[in-house]
Amino acid sequence: MATIAQIGTLLQTTFQHLTEEVATAIQYTKRPDTAKFSASTLVQTLVWGWLAHPHASVEQLAQSAQRVGVDVSPQAIDQRFTMATADLLREVLVRSVRLVLAGDPLAIPILRRFTGVYLQDSTTIVLPDALADVWRGCGGSTTTNTTAALKCGVQIDLLHTCLTGFDLADGRAADQGLPIQHAVMPAGSLRLADLGFFDLQVFAQQQRSGSFWLSKVPVGVTVQHAGGFLIGFFGREATDRPRCDHTGSLLRFIQNLPVGQPWEGWVVLGKAHPLRGRMLVQPVPQDVADQRRRRIRKEAREKGRPPSRAALLLAAWTILVTNLPAHRVTMAEAMVLIKVRWQIELLFKHWKSHGQIDTWRTQKPARILCEVYGKLLAMVVQHWLVAVSGASYPDRSLVKIAQAVRDQVSVLMDALPDGERLARAIGTLQRIVKRLSLIHISGVLATWR
């Protein structure tokens with residue numbers, strides 16, 4: 001369980017000791033600058049400043065600097081937006097995420113059946129073409145397909161409201177190549193990930209480590225009934241592999257099932273690395289299928305290609321696969337659990353709409369990178385404070401909690417050097433959160449309390 005003392009130590013470690021260690025390692029400060037910024041006071045100025053005001057001007061950042069004891073002009077702030085400062089912020093961001101902070105487990109029974117519930121996904125920040133040498137995009141000229149883009153791969157443990165993985169990669173990088181894709185899950189935990197992370201070999205690795213997975217099924221996967229195959233087969237040698245003589249497409253498999261009826265059963269997925277899993281098939285209402293087909297056609301148009309016929313037909317079902325047996329999770333519960341993955345989508349939406357991680361006030365490449373990394377680090381700090389101050393209350397709004405954090409930034413900045421003052425400031429934040437209006441974190445999850 002995360003405590004006030006732990007979060008206080010974590011903030012002091014990140015903004016003081018860790019930042020100075022990084023500055024030394026990358027030789028950020030090459031001359032004495034005691035009259036102005038140290039690496040620590042500069043990072044505090046930018047991160048706290050953008051956390052409090054995502055659209056902060058250099059004038060507002062100069063005011064933020066006053067709170068850490070640095071009297072500088074707005075022009076002096078602007079002069080610090082260099083590639084060296086961007087490298088400093090990036091390295092502090094990457095290292096800070098390794099300092100895992102967990103809150104109390106959420107009081108939702110369906111989640112507490114597992115030792116952890118790990119959600120992972122990625123979001124892309126489109127950058128100006130001038131930054132293509134730093135972060136490579138996919139090419140093109142549209143707002144979603146440019147020569148420069150940054151992909152952020154994120155993993156959170158929803159059960160403990162804990163940020164457990166954070167990767168930075170080229171916008172063109174595949175999700176399956178991100179380090180979070182190959183992170184070993186604790187035994188008894190559950191992983192829920194976007195289709196971009198679907199990988200039968202990774203699922204087999206998770207099974208061997210004693211963890212569980214639940215995923216939607218991509219259109220292109222091959223599948224067949226598991227009758228006559230080795231029970232419990234997961235990644236054995238080729239001589240022990242089940243035969244897949246009659247493996248067919250997912251669409252053909254689904255079309256051979258009873259029309260309009262839910263179905264579940266054990267199947268074998270894939271050819272090169274066949275994997276046994278429990279498939280769950282649920283027909284959806286016509287309006288849901290139509291909505292999915294509109295989205296499929298829209299995405300196909302954006303990519304300049306015709307929509308997949310198989311994808312359009314399969315939109316009439318929700319199709320899941322898992323290694324969870326029925327006595328651990330029923331079909332109805334699995335259909336609820338897969339919707340939990342949208343919590344990370346909501347997190348990304350919050351980071352972009354409220355944290356403004358994909359907006360900036362300049363056209364200067366170095367300043368843009370400083371702003372992106374600084375705001376991402378601000379979101380990590382916010383996540384820590386949310387975890388210790390209210391995310392364990394599943395009936396409270398993340399938006400309202402985050403606003404409470406932003407409102408207390410000045411108090412937290414003033415208190416940071418003094419452990420006792422900082423603890424009191426975090427305690428005050430906790431009390432504020434407890435008085436927030438009660439709302440359900442998710443109507444779906446609330447039904448399973």
# chains A, B, ... in the order shown; residues from 1 in each chain; ligands from 1
>>> closest_atom_pairs(of="range 176-212 of chain A", to="range 258-270 of chain A", cutoff="12 Å", atoms="only C-alpha atoms", output="JSON lines")
{"residue": "A:Phe198", "atom": "CA", "partner": "A:Gly270", "partner_atom": "CA", "distance": 11.6}
{"residue": "A:Asp199", "atom": "CA", "partner": "A:Gly270", "partner_atom": "CA", "distance": 9.9}
{"residue": "A:Leu200", "atom": "CA", "partner": "A:Gly270", "partner_atom": "CA", "distance": 7.6}
{"residue": "A:Gln201", "atom": "CA", "partner": "A:Gly270", "partner_atom": "CA", "distance": 10.1}
{"residue": "A:Phe203", "atom": "CA", "partner": "A:Leu269", "partner_atom": "CA", "distance": 11.2}
{"residue": "A:Ala204", "atom": "CA", "partner": "A:Leu269", "partner_atom": "CA", "distance": 11.4}
>>> residues_around(residues="Gln207 in chain A", least_positions_apart="2", cutoff="12 Å", atoms="only C-alpha atoms", output="PyMOL selection string")
chain A and resi 184-191+200-205+209-214+232-236+275-277+322-324
>>> atom_distance(atom1="CA of Phe348 in chain A", atom2="CA of Gly153 in chain A")
10.6 Å
>>> residues_around(residues="range 128-134 of chain A", least_positions_apart="3", cutoff="8 Å", atoms="only C-alpha atoms", output="PDB file with C-alpha atoms, in the first residue's frame")
ATOM      1  CA  GLY A 137       6.732   8.758 -38.173  1.00  0.00           C
ATOM      2  CA  THR A 146       3.499  12.306 -40.804  1.00  0.00           C
ATOM      3  CA  THR A 147       7.247  11.963 -41.019  1.00  0.00           C
ATOM      4  CA  ALA A 148       7.691  12.635 -37.276  1.00  0.00           C
ATOM      5  CA  ALA A 149       5.762  11.059 -34.419  1.00  0.00           C
ATOM      6  CA  PRO A 365      11.765  21.805 -32.292  1.00  0.00           C
TER       7      PRO A 365
END
>>> closest_residue(among="A:Leu312, A:Arg278, A:Trp342, A:Val380", to="Ala300 in chain A", atoms="only C-alpha atoms")
A:Leu312
>>> residues_around(residues="Ala404 in chain A", least_positions_apart="2", cutoff="8 Å", atoms="only C-alpha atoms", output="PDB file with N, CA, C and O atoms, in the first residue's frame")
ATOM      1  N   LYS A 400     -11.830  14.997 -11.730  1.00  0.00           N
ATOM      2  CA  LYS A 400     -11.933  15.855 -10.545  1.00  0.00           C
ATOM      3  C   LYS A 400     -10.730  15.686  -9.620  1.00  0.00           C
ATOM      4  O   LYS A 400     -10.248  16.665  -9.029  1.00  0.00           O
ATOM      5  N   ILE A 401     -10.247  14.441  -9.510  1.00  0.00           N
ATOM      6  CA  ILE A 401      -9.066  14.206  -8.670  1.00  0.00           C
ATOM      7  C   ILE A 401      -7.857  14.924  -9.271  1.00  0.00           C
ATOM      8  O   ILE A 401      -7.083  15.581  -8.553  1.00  0.00           O
ATOM      9  N   ALA A 402      -7.689  14.801 -10.596  1.00  0.00           N
ATOM     10  CA  ALA A 402      -6.562  15.447 -11.259  1.00  0.00           C
ATOM     11  C   ALA A 402      -6.631  16.964 -11.106  1.00  0.00           C
ATOM     12  O   ALA A 402      -5.609  17.633 -10.931  1.00  0.00           O
ATOM     13  N   ARG A 406      -3.866  19.559  -9.512  1.00  0.00           N
ATOM     14  CA  ARG A 406      -3.361  20.783 -10.137  1.00  0.00           C
ATOM     15  C   ARG A 406      -3.559  21.997  -9.232  1.00  0.00           C
ATOM     16  O   ARG A 406      -2.709  22.884  -9.166  1.00  0.00           O
ATOM     17  N   ASP A 407      -4.690  22.024  -8.544  1.00  0.00           N
ATOM     18  CA  ASP A 407      -4.968  23.151  -7.657  1.00  0.00           C
ATOM     19  C   ASP A 407      -3.979  23.223  -6.491  1.00  0.00           C
ATOM     20  O   ASP A 407      -3.786  24.297  -5.905  1.00  0.00           O
ATOM     21  N   GLN A 408      -3.366  22.080  -6.153  1.00  0.00           N
ATOM     22  CA  GLN A 408      -2.451  22.029  -5.009  1.00  0.00           C
ATOM     23  C   GLN A 408      -0.984  22.071  -5.412  1.00  0.00           C
ATOM     24  O   GLN A 408      -0.099  21.914  -4.572  1.00  0.00           O
ATOM     25  N   LEU A 429      -4.319  17.044   0.413  1.00  0.00           N
ATOM     26  CA  LEU A 429      -4.839  16.624  -0.886  1.00  0.00           C
ATOM     27  C   LEU A 429      -5.749  15.408  -0.735  1.00  0.00           C
ATOM     28  O   LEU A 429      -6.815  15.335  -1.354  1.00  0.00           O
ATOM     29  N   ILE A 432      -9.104  16.529   0.559  1.00  0.00           N
ATOM     30  CA  ILE A 432      -9.871  17.211  -0.496  1.00  0.00           C
ATOM     31  C   ILE A 432     -10.527  16.188  -1.401  1.00  0.00           C
ATOM     32  O   ILE A 432     -11.704  16.303  -1.763  1.00  0.00           O
ATOM     33  N   VAL A 433      -9.771  15.162  -1.766  1.00  0.00           N
ATOM     34  CA  VAL A 433     -10.288  14.136  -2.674  1.00  0.00           C
ATOM     35  C   VAL A 433     -11.473  13.410  -2.049  1.00  0.00           C
ATOM     36  O   VAL A 433     -12.468  13.106  -2.712  1.00  0.00           O
TER      37      VAL A 433
END
